[in-house]
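Novice: Input structure: run_36.cif, which contains mmCIF, N, CA and C atoms.
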```cif
data_my_file
loop_
_atom_site.label_atom_id
_atom_site.label_comp_id
_atom_site.auth_asym_id
_atom_site.auth_seq_id
_atom_site.Cartn_x
_atom_site.Cartn_y
_atom_site.Cartn_z
N MET M 16 8.41 4.90 27.60
CA MET M 16 8.85 5.21 26.26
C MET M 16 7.73 5.96 25.55
N ASP M 17 8.08 7.04 24.88
CA ASP M 17 7.12 7.86 24.17
C ASP M 17 7.42 7.82 22.68
N ILE M 18 6.64 7.04 21.93
CA ILE M 18 6.85 6.90 20.49
C ILE M 18 5.58 7.34 19.79
N THR M 19 5.72 8.22 18.81
CA THR M 19 4.57 8.66 18.00
C THR M 19 4.96 8.60 16.52
N LEU M 20 3.97 8.52 15.68
CA LEU M 20 4.20 8.52 14.25
C LEU M 20 4.53 9.93 13.79
N SER M 21 5.57 10.07 13.01
CA SER M 21 5.98 11.36 12.48
C SER M 21 5.72 11.44 10.98
N GLN M 22 6.20 10.45 10.23
CA GLN M 22 6.05 10.44 8.78
C GLN M 22 5.73 9.03 8.29
N THR M 23 5.03 8.99 7.18
CA THR M 23 4.85 7.75 6.46
C THR M 23 5.03 8.08 4.98
N PHE M 24 5.37 7.08 4.19
CA PHE M 24 5.71 7.32 2.80
C PHE M 24 4.78 6.53 1.88
N ILE M 25 4.38 7.17 0.79
CA ILE M 25 3.58 6.53 -0.24
C ILE M 25 4.29 6.75 -1.57
N ALA M 26 4.55 5.66 -2.27
CA ALA M 26 5.21 5.76 -3.57
C ALA M 26 4.21 6.21 -4.63
N VAL M 27 4.59 7.23 -5.39
CA VAL M 27 3.76 7.70 -6.50
C VAL M 27 4.64 7.84 -7.74
N ASP M 28 4.08 7.53 -8.88
CA ASP M 28 4.86 7.60 -10.11
C ASP M 28 4.64 8.88 -10.90
N ASP M 29 3.68 9.70 -10.47
CA ASP M 29 3.42 10.97 -11.15
C ASP M 29 2.90 11.97 -10.13
N HIS M 30 3.78 12.81 -9.64
CA HIS M 30 3.39 13.79 -8.62
C HIS M 30 2.35 14.78 -9.15
N ASP M 31 2.38 15.06 -10.43
CA ASP M 31 1.41 16.01 -10.99
C ASP M 31 -0.01 15.47 -10.97
N LYS M 32 -0.17 14.17 -10.89
CA LYS M 32 -1.49 13.55 -10.71
C LYS M 32 -1.78 13.31 -9.23
N ALA M 33 -0.77 12.92 -8.49
CA ALA M 33 -0.96 12.56 -7.08
C ALA M 33 -1.29 13.78 -6.22
N VAL M 34 -0.59 14.89 -6.41
CA VAL M 34 -0.80 16.05 -5.54
C VAL M 34 -2.24 16.56 -5.61
N PRO M 35 -2.83 16.76 -6.79
CA PRO M 35 -4.23 17.21 -6.80
C PRO M 35 -5.18 16.22 -6.12
N PHE M 36 -4.91 14.92 -6.23
CA PHE M 36 -5.76 13.93 -5.57
C PHE M 36 -5.68 14.10 -4.05
N TYR M 37 -4.48 14.11 -3.51
CA TYR M 37 -4.32 14.21 -2.06
C TYR M 37 -4.74 15.57 -1.52
N ARG M 38 -4.48 16.63 -2.28
CA ARG M 38 -4.83 17.98 -1.85
C ARG M 38 -6.30 18.29 -2.07
N ASP M 39 -6.76 18.16 -3.30
CA ASP M 39 -8.11 18.62 -3.67
C ASP M 39 -9.21 17.62 -3.35
N VAL M 40 -8.94 16.35 -3.54
CA VAL M 40 -9.96 15.32 -3.30
C VAL M 40 -9.99 14.93 -1.83
N LEU M 41 -8.82 14.64 -1.24
CA LEU M 41 -8.79 14.22 0.16
C LEU M 41 -8.76 15.39 1.13
N GLY M 42 -8.41 16.58 0.65
CA GLY M 42 -8.41 17.76 1.51
C GLY M 42 -7.17 17.90 2.39
N LEU M 43 -6.08 17.22 2.02
CA LEU M 43 -4.84 17.36 2.78
C LEU M 43 -4.11 18.62 2.34
N GLU M 44 -3.34 19.19 3.24
CA GLU M 44 -2.57 20.39 2.89
C GLU M 44 -1.19 19.99 2.42
N VAL M 45 -0.67 20.73 1.45
CA VAL M 45 0.69 20.50 0.97
C VAL M 45 1.62 21.27 1.89
N ARG M 46 2.57 20.56 2.47
CA ARG M 46 3.48 21.16 3.45
C ARG M 46 4.89 21.35 2.92
N GLY M 47 5.22 20.64 1.86
CA GLY M 47 6.56 20.77 1.31
C GLY M 47 6.63 20.13 -0.06
N ASP M 48 7.54 20.62 -0.87
CA ASP M 48 7.73 20.10 -2.22
C ASP M 48 9.22 20.26 -2.53
N VAL M 49 9.94 19.14 -2.53
CA VAL M 49 11.38 19.17 -2.66
C VAL M 49 11.80 18.29 -3.83
N GLY M 50 12.71 18.80 -4.63
CA GLY M 50 13.27 18.02 -5.72
C GLY M 50 14.75 17.80 -5.53
N TYR M 51 15.23 16.67 -6.04
CA TYR M 51 16.65 16.38 -6.02
C TYR M 51 16.94 15.50 -7.23
N GLN M 52 17.88 15.92 -8.05
CA GLN M 52 18.17 15.26 -9.32
C GLN M 52 16.86 15.16 -10.10
N ASP M 53 16.47 13.97 -10.51
CA ASP M 53 15.21 13.85 -11.26
C ASP M 53 14.09 13.30 -10.38
N MET M 54 14.23 13.44 -9.06
CA MET M 54 13.23 12.92 -8.13
C MET M 54 12.53 14.07 -7.41
N ARG M 55 11.37 13.75 -6.82
CA ARG M 55 10.57 14.76 -6.13
C ARG M 55 9.88 14.12 -4.93
N TRP M 56 9.81 14.85 -3.84
CA TRP M 56 9.11 14.44 -2.63
C TRP M 56 8.14 15.56 -2.25
N VAL M 57 6.86 15.23 -2.12
CA VAL M 57 5.86 16.20 -1.71
C VAL M 57 5.28 15.72 -0.38
N THR M 58 5.32 16.60 0.61
CA THR M 58 4.79 16.26 1.92
C THR M 58 3.39 16.85 2.06
N VAL M 59 2.44 15.99 2.43
CA VAL M 59 1.06 16.42 2.66
C VAL M 59 0.64 15.95 4.05
N GLY M 60 -0.44 16.52 4.55
CA GLY M 60 -0.94 16.09 5.85
C GLY M 60 -2.28 16.70 6.15
N SER M 61 -2.93 16.12 7.14
CA SER M 61 -4.23 16.61 7.57
C SER M 61 -4.04 17.82 8.47
N PRO M 62 -4.83 18.89 8.25
CA PRO M 62 -4.76 20.02 9.17
C PRO M 62 -5.06 19.62 10.61
N ALA M 63 -5.81 18.52 10.80
CA ALA M 63 -6.14 18.05 12.14
C ALA M 63 -4.98 17.30 12.81
N GLN M 64 -3.95 16.97 12.05
CA GLN M 64 -2.78 16.26 12.58
C GLN M 64 -1.49 16.94 12.12
N PRO M 65 -1.18 18.10 12.65
CA PRO M 65 -0.01 18.84 12.17
C PRO M 65 1.32 18.13 12.40
N ASP M 66 1.36 17.16 13.30
CA ASP M 66 2.62 16.46 13.59
C ASP M 66 2.81 15.19 12.76
N VAL M 67 1.86 14.85 11.91
CA VAL M 67 1.97 13.65 11.08
C VAL M 67 2.05 14.06 9.61
N ALA M 68 3.07 13.57 8.94
CA ALA M 68 3.29 13.92 7.54
C ALA M 68 3.24 12.67 6.66
N ILE M 69 2.64 12.82 5.50
CA ILE M 69 2.63 11.77 4.48
C ILE M 69 3.52 12.28 3.35
N VAL M 70 4.55 11.54 3.04
CA VAL M 70 5.48 11.95 2.00
C VAL M 70 5.19 11.16 0.74
N LEU M 71 4.83 11.87 -0.32
CA LEU M 71 4.62 11.25 -1.63
C LEU M 71 5.99 11.21 -2.29
N GLU M 72 6.52 10.02 -2.42
CA GLU M 72 7.90 9.88 -2.87
C GLU M 72 7.99 9.09 -4.17
N PRO M 73 9.13 9.18 -4.85
CA PRO M 73 9.31 8.36 -6.06
C PRO M 73 9.21 6.88 -5.71
N PRO M 74 8.81 6.05 -6.66
CA PRO M 74 8.65 4.62 -6.37
C PRO M 74 9.91 3.95 -5.82
N LEU M 75 11.06 4.38 -6.26
CA LEU M 75 12.31 3.83 -5.74
C LEU M 75 13.26 5.01 -5.59
N ALA M 76 13.25 5.60 -4.40
CA ALA M 76 13.99 6.83 -4.16
C ALA M 76 15.44 6.57 -3.79
N ASP M 77 16.06 5.65 -4.48
CA ASP M 77 17.47 5.34 -4.24
C ASP M 77 18.22 5.51 -5.56
N PRO M 78 19.04 6.55 -5.66
CA PRO M 78 19.76 6.77 -6.91
C PRO M 78 20.69 5.62 -7.30
N GLN M 79 21.02 4.75 -6.35
CA GLN M 79 21.91 3.62 -6.63
C GLN M 79 21.15 2.37 -7.07
N ALA M 80 19.83 2.43 -7.11
CA ALA M 80 19.03 1.24 -7.48
C ALA M 80 19.31 0.84 -8.92
N SER M 81 19.34 -0.45 -9.13
CA SER M 81 19.61 -0.96 -10.47
C SER M 81 18.38 -0.80 -11.36
N PRO M 82 18.57 -0.80 -12.68
CA PRO M 82 17.42 -0.76 -13.58
C PRO M 82 16.45 -1.93 -13.33
N ALA M 83 16.97 -3.09 -12.98
CA ALA M 83 16.10 -4.25 -12.70
C ALA M 83 15.25 -4.00 -11.46
N ASP M 84 15.83 -3.40 -10.43
CA ASP M 84 15.07 -3.08 -9.22
C ASP M 84 14.01 -2.03 -9.51
N ARG M 85 14.37 -1.03 -10.31
CA ARG M 85 13.39 0.01 -10.68
C ARG M 85 12.22 -0.61 -11.44
N GLN M 86 12.51 -1.53 -12.33
CA GLN M 86 11.45 -2.18 -13.09
C GLN M 86 10.58 -3.04 -12.19
N ALA M 87 11.19 -3.73 -11.24
CA ALA M 87 10.43 -4.59 -10.31
C ALA M 87 9.46 -3.74 -9.49
N VAL M 88 9.91 -2.60 -9.00
CA VAL M 88 9.03 -1.72 -8.22
C VAL M 88 7.93 -1.15 -9.12
N ALA M 89 8.28 -0.76 -10.34
CA ALA M 89 7.27 -0.23 -11.27
C ALA M 89 6.21 -1.30 -11.57
N ASP M 90 6.63 -2.54 -11.70
CA ASP M 90 5.68 -3.64 -11.96
C ASP M 90 4.75 -3.84 -10.77
N LEU M 91 5.30 -3.82 -9.55
CA LEU M 91 4.46 -3.97 -8.36
C LEU M 91 3.48 -2.81 -8.24
N MET M 92 3.94 -1.61 -8.53
CA MET M 92 3.07 -0.44 -8.44
C MET M 92 1.95 -0.55 -9.47
N ALA M 93 2.27 -0.97 -10.67
CA ALA M 93 1.26 -1.08 -11.73
C ALA M 93 0.16 -2.09 -11.35
N LYS M 94 0.52 -3.08 -10.55
CA LYS M 94 -0.44 -4.08 -10.10
C LYS M 94 -1.20 -3.63 -8.85
N GLY M 95 -0.81 -2.48 -8.28
CA GLY M 95 -1.45 -2.01 -7.06
C GLY M 95 -1.04 -2.80 -5.83
N LEU M 96 0.16 -3.36 -5.83
CA LEU M 96 0.60 -4.22 -4.74
C LEU M 96 1.43 -3.51 -3.67
N LEU M 97 1.71 -2.23 -3.86
CA LEU M 97 2.40 -1.49 -2.81
C LEU M 97 1.37 -0.99 -1.82
N ARG M 98 1.75 -0.93 -0.56
CA ARG M 98 0.80 -0.56 0.50
C ARG M 98 0.55 0.94 0.49
N GLY M 99 -0.68 1.32 0.81
CA GLY M 99 -1.04 2.71 0.99
C GLY M 99 -1.17 2.99 2.48
N VAL M 100 -2.14 3.77 2.85
CA VAL M 100 -2.36 4.09 4.26
C VAL M 100 -3.84 3.92 4.59
N VAL M 101 -4.13 3.92 5.89
CA VAL M 101 -5.50 3.85 6.37
C VAL M 101 -5.80 5.18 7.05
N PHE M 102 -6.84 5.85 6.59
CA PHE M 102 -7.27 7.12 7.18
C PHE M 102 -8.47 6.86 8.08
N ALA M 103 -8.57 7.62 9.16
CA ALA M 103 -9.73 7.56 10.05
C ALA M 103 -10.67 8.70 9.68
N THR M 104 -11.97 8.45 9.81
CA THR M 104 -12.97 9.46 9.52
C THR M 104 -14.16 9.29 10.46
N GLN M 105 -14.92 10.35 10.62
CA GLN M 105 -16.14 10.28 11.41
C GLN M 105 -17.34 9.87 10.54
N ASP M 106 -17.17 9.92 9.21
CA ASP M 106 -18.29 9.61 8.31
C ASP M 106 -17.78 8.94 7.04
N CYS M 107 -17.66 7.64 7.10
CA CYS M 107 -17.14 6.85 5.98
C CYS M 107 -17.98 7.05 4.71
N ASP M 108 -19.29 7.09 4.86
CA ASP M 108 -20.15 7.22 3.69
C ASP M 108 -19.97 8.57 2.99
N ALA M 109 -19.82 9.64 3.75
CA ALA M 109 -19.61 10.96 3.16
C ALA M 109 -18.26 11.03 2.44
N VAL M 110 -17.23 10.44 3.05
CA VAL M 110 -15.92 10.41 2.42
C VAL M 110 -16.00 9.62 1.12
N PHE M 111 -16.69 8.48 1.17
CA PHE M 111 -16.84 7.66 -0.03
C PHE M 111 -17.49 8.45 -1.16
N GLU M 112 -18.59 9.12 -0.86
CA GLU M 112 -19.30 9.88 -1.89
C GLU M 112 -18.44 11.01 -2.46
N ARG M 113 -17.70 11.68 -1.59
CA ARG M 113 -16.83 12.78 -2.06
C ARG M 113 -15.76 12.27 -3.02
N ILE M 114 -15.09 11.19 -2.64
CA ILE M 114 -14.01 10.67 -3.48
C ILE M 114 -14.57 10.07 -4.77
N ARG M 115 -15.67 9.35 -4.67
CA ARG M 115 -16.27 8.77 -5.88
C ARG M 115 -16.72 9.87 -6.83
N ALA M 116 -17.34 10.93 -6.31
CA ALA M 116 -17.79 12.04 -7.14
C ALA M 116 -16.63 12.73 -7.84
N ALA M 117 -15.45 12.69 -7.23
CA ALA M 117 -14.26 13.30 -7.83
C ALA M 117 -13.58 12.37 -8.83
N GLY M 118 -14.15 11.19 -9.04
CA GLY M 118 -13.61 10.25 -10.02
C GLY M 118 -12.65 9.23 -9.44
N GLY M 119 -12.61 9.10 -8.11
CA GLY M 119 -11.72 8.11 -7.50
C GLY M 119 -12.07 6.70 -7.91
N GLU M 120 -11.05 5.87 -8.08
CA GLU M 120 -11.26 4.47 -8.47
C GLU M 120 -11.67 3.65 -7.25
N VAL M 121 -12.91 3.22 -7.22
CA VAL M 121 -13.47 2.49 -6.09
C VAL M 121 -12.88 1.08 -6.04
N VAL M 122 -12.39 0.70 -4.87
CA VAL M 122 -11.94 -0.67 -4.61
C VAL M 122 -13.00 -1.40 -3.79
N GLN M 123 -13.57 -0.67 -2.81
CA GLN M 123 -14.60 -1.26 -1.94
C GLN M 123 -15.56 -0.18 -1.49
N GLU M 124 -16.84 -0.41 -1.66
CA GLU M 124 -17.85 0.52 -1.17
C GLU M 124 -17.93 0.41 0.35
N PRO M 125 -18.53 1.40 1.03
CA PRO M 125 -18.62 1.33 2.49
C PRO M 125 -19.25 0.02 2.96
N THR M 126 -18.56 -0.63 3.91
CA THR M 126 -18.96 -1.94 4.40
C THR M 126 -18.70 -2.02 5.90
N ASP M 127 -19.65 -2.56 6.65
CA ASP M 127 -19.43 -2.83 8.07
C ASP M 127 -18.58 -4.09 8.19
N GLN M 128 -17.44 -3.97 8.86
CA GLN M 128 -16.52 -5.10 9.00
C GLN M 128 -16.70 -5.76 10.36
N HIS M 129 -16.45 -7.04 10.43
CA HIS M 129 -16.60 -7.79 11.67
C HIS M 129 -15.61 -7.35 12.75
N TYR M 130 -14.56 -6.65 12.37
CA TYR M 130 -13.56 -6.22 13.34
C TYR M 130 -13.82 -4.82 13.88
N GLY M 131 -15.06 -4.29 13.67
CA GLY M 131 -15.48 -3.10 14.38
C GLY M 131 -15.40 -1.76 13.67
N VAL M 132 -15.23 -1.78 12.36
CA VAL M 132 -15.21 -0.52 11.62
C VAL M 132 -16.12 -0.61 10.40
N ARG M 133 -16.53 0.53 9.93
CA ARG M 133 -17.15 0.66 8.61
C ARG M 133 -16.05 1.27 7.76
N ASP M 134 -15.76 0.65 6.62
CA ASP M 134 -14.68 1.20 5.81
C ASP M 134 -14.97 1.10 4.33
N CYS M 135 -14.18 1.84 3.58
CA CYS M 135 -14.23 1.82 2.12
C CYS M 135 -12.80 1.96 1.62
N ALA M 136 -12.60 1.73 0.34
CA ALA M 136 -11.24 1.80 -0.19
C ALA M 136 -11.26 2.32 -1.63
N PHE M 137 -10.21 3.04 -1.95
CA PHE M 137 -9.99 3.59 -3.29
C PHE M 137 -8.54 3.37 -3.68
N ARG M 138 -8.27 3.52 -4.96
CA ARG M 138 -6.89 3.58 -5.45
C ARG M 138 -6.56 5.05 -5.71
N ASP M 139 -5.36 5.43 -5.34
CA ASP M 139 -4.90 6.77 -5.71
C ASP M 139 -4.44 6.73 -7.16
N PRO M 140 -4.03 7.86 -7.75
CA PRO M 140 -3.62 7.85 -9.15
C PRO M 140 -2.46 6.92 -9.47
N ALA M 141 -1.65 6.55 -8.46
CA ALA M 141 -0.53 5.63 -8.69
C ALA M 141 -0.93 4.17 -8.48
N GLY M 142 -2.17 3.92 -8.05
CA GLY M 142 -2.63 2.55 -7.84
C GLY M 142 -2.56 2.08 -6.40
N ASN M 143 -2.07 2.92 -5.48
CA ASN M 143 -2.02 2.54 -4.06
C ASN M 143 -3.43 2.45 -3.50
N VAL M 144 -3.67 1.44 -2.67
CA VAL M 144 -4.98 1.31 -2.02
C VAL M 144 -4.99 2.15 -0.75
N LEU M 145 -5.97 3.02 -0.65
CA LEU M 145 -6.18 3.86 0.53
C LEU M 145 -7.50 3.45 1.15
N ARG M 146 -7.49 3.17 2.46
CA ARG M 146 -8.70 2.79 3.17
C ARG M 146 -9.13 3.94 4.07
N PHE M 147 -10.44 4.05 4.27
CA PHE M 147 -11.03 5.08 5.10
C PHE M 147 -11.94 4.38 6.09
N THR M 148 -11.63 4.48 7.40
CA THR M 148 -12.36 3.73 8.41
C THR M 148 -13.07 4.62 9.40
N GLN M 149 -14.21 4.14 9.83
CA GLN M 149 -15.01 4.79 10.88
C GLN M 149 -15.37 3.70 11.88
N PRO M 150 -15.03 3.90 13.17
CA PRO M 150 -15.41 2.89 14.16
C PRO M 150 -16.93 2.71 14.17
N LEU M 151 -17.37 1.46 14.19
CA LEU M 151 -18.80 1.19 14.27
C LEU M 151 -19.35 1.75 15.58
N GLY M 152 -20.54 2.30 15.51
CA GLY M 152 -21.18 2.83 16.71
C GLY M 152 -20.83 4.27 17.02
N THR M 153 -19.97 4.89 16.19
CA THR M 153 -19.66 6.29 16.43
C THR M 153 -20.64 7.16 15.66
N SER M 154 -20.88 8.32 16.18
CA SER M 154 -21.80 9.23 15.49
C SER M 154 -21.06 9.94 14.37
N LYS M 155 -21.79 10.24 13.34
CA LYS M 155 -21.22 10.94 12.20
C LYS M 155 -21.13 12.43 12.53
N ALA M 156 -20.05 13.04 12.07
CA ALA M 156 -19.85 14.46 12.33
C ALA M 156 -20.68 15.31 11.40
#
```
What would you get if you wrote out this structure as structure tokens?

Specialist:
Amino acid sequence: MDITLSQTFIAVDDHDKAVPFYRDVLGLEVRGDVGYQDMRWVTVGSPAQPDVAIVLEPPLADPQASPADRQAVADLMAKGLLRGVVFATQDCDAVFERIRAAGGEVVQEPTDQHYGVRDCAFRDPAGNVLRFTQPLGTSKA
């Protein structure tokens, strides 16, 4: 069986804030920008992984969702309880400094973890936690 990751989704509540963060701060390329009704989906990805797409989507991209469900998702997002993604890097410390210098909200400074990585974490403009990991013992690029 041959299974690979194609897309992953991150809920954002303001694409005009999210896109510059993912494009300019993280260095991802914008691959698509699609609107439908009052919703928007922006696809970004790493130039090093052309087959993997991250879709920045509305917090609840279901036009049939009830107002109560929309509020529940908005509340979870405001608390930073929706999952983000984990990015791999060759130099966790350099990534940390770049994002911090750009004004990223620090969740965790670079730390060696007992499970074999050095990692750090930030919140994106929507409050999602993004982690950046470097395997311990690897050389920095």

Novice: Nearest residue to Cys135 of chain M out of M:Phe147, M:Phe24, M:Trp56, M:Phe102, using all atoms listed in the file?

Specialist: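 Ranking M:Phe147, M:Phe24, M:Trp56, M:Phe102 by distance to Cys135 of chain M, first place goes to M:Phe147.
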
Novice: Mind pulling up the distance from atom CA of Pro125 of chain M to atom CA of Asp108 of chain M?

Specialist: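 So the answer is 6.2 Å.
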
Novice: Taking the DSSP secondary structure from the backbone, can you list the residues of segment 17-153 of chain M that are strand (DSSP E), as a ChimeraX atom specification?

Specialist: /M:22-26,44-51,54-60,68-72,101-103,120-127,132-138,144-150

Novice: Selected residues, N, CA and C atoms, written as a short mmCIF file (atom, residue, chain, number, x, y, z; two decimals), keeping the file's coordinate frame, please.

Specialist:
```cif
data_model
loop_
_atom_site.label_atom_id
_atom_site.label_comp_id
_atom_site.auth_asym_id
_atom_site.auth_seq_id
_atom_site.Cartn_x
_atom_site.Cartn_y
_atom_site.Cartn_z
N GLN M 22 6.20 10.45 10.23
CA GLN M 22 6.05 10.44 8.78
C GLN M 22 5.73 9.03 8.29
N THR M 23 5.03 8.99 7.18
CA THR M 23 4.85 7.75 6.46
C THR M 23 5.03 8.08 4.98
N PHE M 24 5.37 7.08 4.19
CA PHE M 24 5.71 7.32 2.80
C PHE M 24 4.78 6.53 1.88
N ILE M 25 4.38 7.17 0.79
CA ILE M 25 3.58 6.53 -0.24
C ILE M 25 4.29 6.75 -1.57
N ALA M 26 4.55 5.66 -2.27
CA ALA M 26 5.21 5.76 -3.57
C ALA M 26 4.21 6.21 -4.63
N GLU M 44 -3.34 19.19 3.24
CA GLU M 44 -2.57 20.39 2.89
C GLU M 44 -1.19 19.99 2.42
N VAL M 45 -0.67 20.73 1.45
CA VAL M 45 0.69 20.50 0.97
C VAL M 45 1.62 21.27 1.89
N ARG M 46 2.57 20.56 2.47
CA ARG M 46 3.48 21.16 3.45
C ARG M 46 4.89 21.35 2.92
N GLY M 47 5.22 20.64 1.86
CA GLY M 47 6.56 20.77 1.31
C GLY M 47 6.63 20.13 -0.06
N ASP M 48 7.54 20.62 -0.87
CA ASP M 48 7.73 20.10 -2.22
C ASP M 48 9.22 20.26 -2.53
N VAL M 49 9.94 19.14 -2.53
CA VAL M 49 11.38 19.17 -2.66
C VAL M 49 11.80 18.29 -3.83
N GLY M 50 12.71 18.80 -4.63
CA GLY M 50 13.27 18.02 -5.72
C GLY M 50 14.75 17.80 -5.53
N TYR M 51 15.23 16.67 -6.04
CA TYR M 51 16.65 16.38 -6.02
C TYR M 51 16.94 15.50 -7.23
N MET M 54 14.23 13.44 -9.06
CA MET M 54 13.23 12.92 -8.13
C MET M 54 12.53 14.07 -7.41
N ARG M 55 11.37 13.75 -6.82
CA ARG M 55 10.57 14.76 -6.13
C ARG M 55 9.88 14.12 -4.93
N TRP M 56 9.81 14.85 -3.84
CA TRP M 56 9.11 14.44 -2.63
C TRP M 56 8.14 15.56 -2.25
N VAL M 57 6.86 15.23 -2.12
CA VAL M 57 5.86 16.20 -1.71
C VAL M 57 5.28 15.72 -0.38
N THR M 58 5.32 16.60 0.61
CA THR M 58 4.79 16.26 1.92
C THR M 58 3.39 16.85 2.06
N VAL M 59 2.44 15.99 2.43
CA VAL M 59 1.06 16.42 2.66
C VAL M 59 0.64 15.95 4.05
N GLY M 60 -0.44 16.52 4.55
CA GLY M 60 -0.94 16.09 5.85
C GLY M 60 -2.28 16.70 6.15
N ALA M 68 3.07 13.57 8.94
CA ALA M 68 3.29 13.92 7.54
C ALA M 68 3.24 12.67 6.66
N ILE M 69 2.64 12.82 5.50
CA ILE M 69 2.63 11.77 4.48
C ILE M 69 3.52 12.28 3.35
N VAL M 70 4.55 11.54 3.04
CA VAL M 70 5.48 11.95 2.00
C VAL M 70 5.19 11.16 0.74
N LEU M 71 4.83 11.87 -0.32
CA LEU M 71 4.62 11.25 -1.63
C LEU M 71 5.99 11.21 -2.29
N GLU M 72 6.52 10.02 -2.42
CA GLU M 72 7.90 9.88 -2.87
C GLU M 72 7.99 9.09 -4.17
N VAL M 101 -4.13 3.92 5.89
CA VAL M 101 -5.50 3.85 6.37
C VAL M 101 -5.80 5.18 7.05
N PHE M 102 -6.84 5.85 6.59
CA PHE M 102 -7.27 7.12 7.18
C PHE M 102 -8.47 6.86 8.08
N ALA M 103 -8.57 7.62 9.16
CA ALA M 103 -9.73 7.56 10.05
C ALA M 103 -10.67 8.70 9.68
N GLU M 120 -11.05 5.87 -8.08
CA GLU M 120 -11.26 4.47 -8.47
C GLU M 120 -11.67 3.65 -7.25
N VAL M 121 -12.91 3.22 -7.22
CA VAL M 121 -13.47 2.49 -6.09
C VAL M 121 -12.88 1.08 -6.04
N VAL M 122 -12.39 0.70 -4.87
CA VAL M 122 -11.94 -0.67 -4.61
C VAL M 122 -13.00 -1.40 -3.79
N GLN M 123 -13.57 -0.67 -2.81
CA GLN M 123 -14.60 -1.26 -1.94
C GLN M 123 -15.56 -0.18 -1.49
N GLU M 124 -16.84 -0.41 -1.66
CA GLU M 124 -17.85 0.52 -1.17
C GLU M 124 -17.93 0.41 0.35
N PRO M 125 -18.53 1.40 1.03
CA PRO M 125 -18.62 1.33 2.49
C PRO M 125 -19.25 0.02 2.96
N THR M 126 -18.56 -0.63 3.91
CA THR M 126 -18.96 -1.94 4.40
C THR M 126 -18.70 -2.02 5.90
N ASP M 127 -19.65 -2.56 6.65
CA ASP M 127 -19.43 -2.83 8.07
C ASP M 127 -18.58 -4.09 8.19
N VAL M 132 -15.23 -1.78 12.36
CA VAL M 132 -15.21 -0.52 11.62
C VAL M 132 -16.12 -0.61 10.40
N ARG M 133 -16.53 0.53 9.93
CA ARG M 133 -17.15 0.66 8.61
C ARG M 133 -16.05 1.27 7.76
N ASP M 134 -15.76 0.65 6.62
CA ASP M 134 -14.68 1.20 5.81
C ASP M 134 -14.97 1.10 4.33
N CYS M 135 -14.18 1.84 3.58
CA CYS M 135 -14.23 1.82 2.12
C CYS M 135 -12.80 1.96 1.62
N ALA M 136 -12.60 1.73 0.34
CA ALA M 136 -11.24 1.80 -0.19
C ALA M 136 -11.26 2.32 -1.63
N PHE M 137 -10.21 3.04 -1.95
CA PHE M 137 -9.99 3.59 -3.29
C PHE M 137 -8.54 3.37 -3.68
N ARG M 138 -8.27 3.52 -4.96
CA ARG M 138 -6.89 3.58 -5.45
C ARG M 138 -6.56 5.05 -5.71
N VAL M 144 -3.67 1.44 -2.67
CA VAL M 144 -4.98 1.31 -2.02
C VAL M 144 -4.99 2.15 -0.75
N LEU M 145 -5.97 3.02 -0.65
CA LEU M 145 -6.18 3.86 0.53
C LEU M 145 -7.50 3.45 1.15
N ARG M 146 -7.49 3.17 2.46
CA ARG M 146 -8.70 2.79 3.17
C ARG M 146 -9.13 3.94 4.07
N PHE M 147 -10.44 4.05 4.27
CA PHE M 147 -11.03 5.08 5.10
C PHE M 147 -11.94 4.38 6.09
N THR M 148 -11.63 4.48 7.40
CA THR M 148 -12.36 3.73 8.41
C THR M 148 -13.07 4.62 9.40
N GLN M 149 -14.21 4.14 9.83
CA GLN M 149 -15.01 4.79 10.88
C GLN M 149 -15.37 3.70 11.88
N PRO M 150 -15.03 3.90 13.17
CA PRO M 150 -15.41 2.89 14.16
C PRO M 150 -16.93 2.71 14.17
#
```

Novice: Just how far from atom CA of Asp106 of chain M is atom CA of Ala26 of chain M, in Å to one decimal?

Specialist: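 Interatomic distance, atom CA of Ala26 of chain M to atom CA of Asp106 of chain M: 26.6 Å.
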
Novice: Please provide the set of residues having any atom within 8 Å of His30 of chain M, restricted to only N, CA and C atoms, with same-chain residues fewer than 5 positions apart removed, written as a list in words.

Specialist: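 Residues near the query, excluding close chain neighbours: Pro35, Phe36, Arg55, Val57, Leu71, Glu72 and Pro73 of chain M.
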
Novice: Please enumerate the residues selected by the PyMOL selection byres ((chain M and resi 82-96) around 6) when evaluated against the supplied file, formatted as JSON, numbers by chain.

Specialist: {"M": [80, 81, 97, 98, 141, 142, 143, 144]}

Novice: With only N, CA and C atoms as the basis for distance, which of M:Ala116, M:Gly99, M:Asp127, M:Pro140 is at the shortest distance from Tyr37 of chain M?

Specialist: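 Ranking M:Ala116, M:Gly99, M:Asp127, M:Pro140 by distance to Tyr37 of chain M, first place goes to M:Pro140.
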
Novice: Determine the nearest neighbour of Leu43 of chain M from the options M:Ile25, M:Gln123, M:Pro62, M:Gln105, counting all atoms listed in the file.

Specialist: M:Pro62

Novice: Could you work out how far atom N of Asp77 of chain M lies from atom N of Ala103 of chain M, giving the answer in Å with one decimal?

Specialist: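 Between atom N of Ala103 of chain M and atom N of Asp77 of chain M the gap works out to 28.2 Å.
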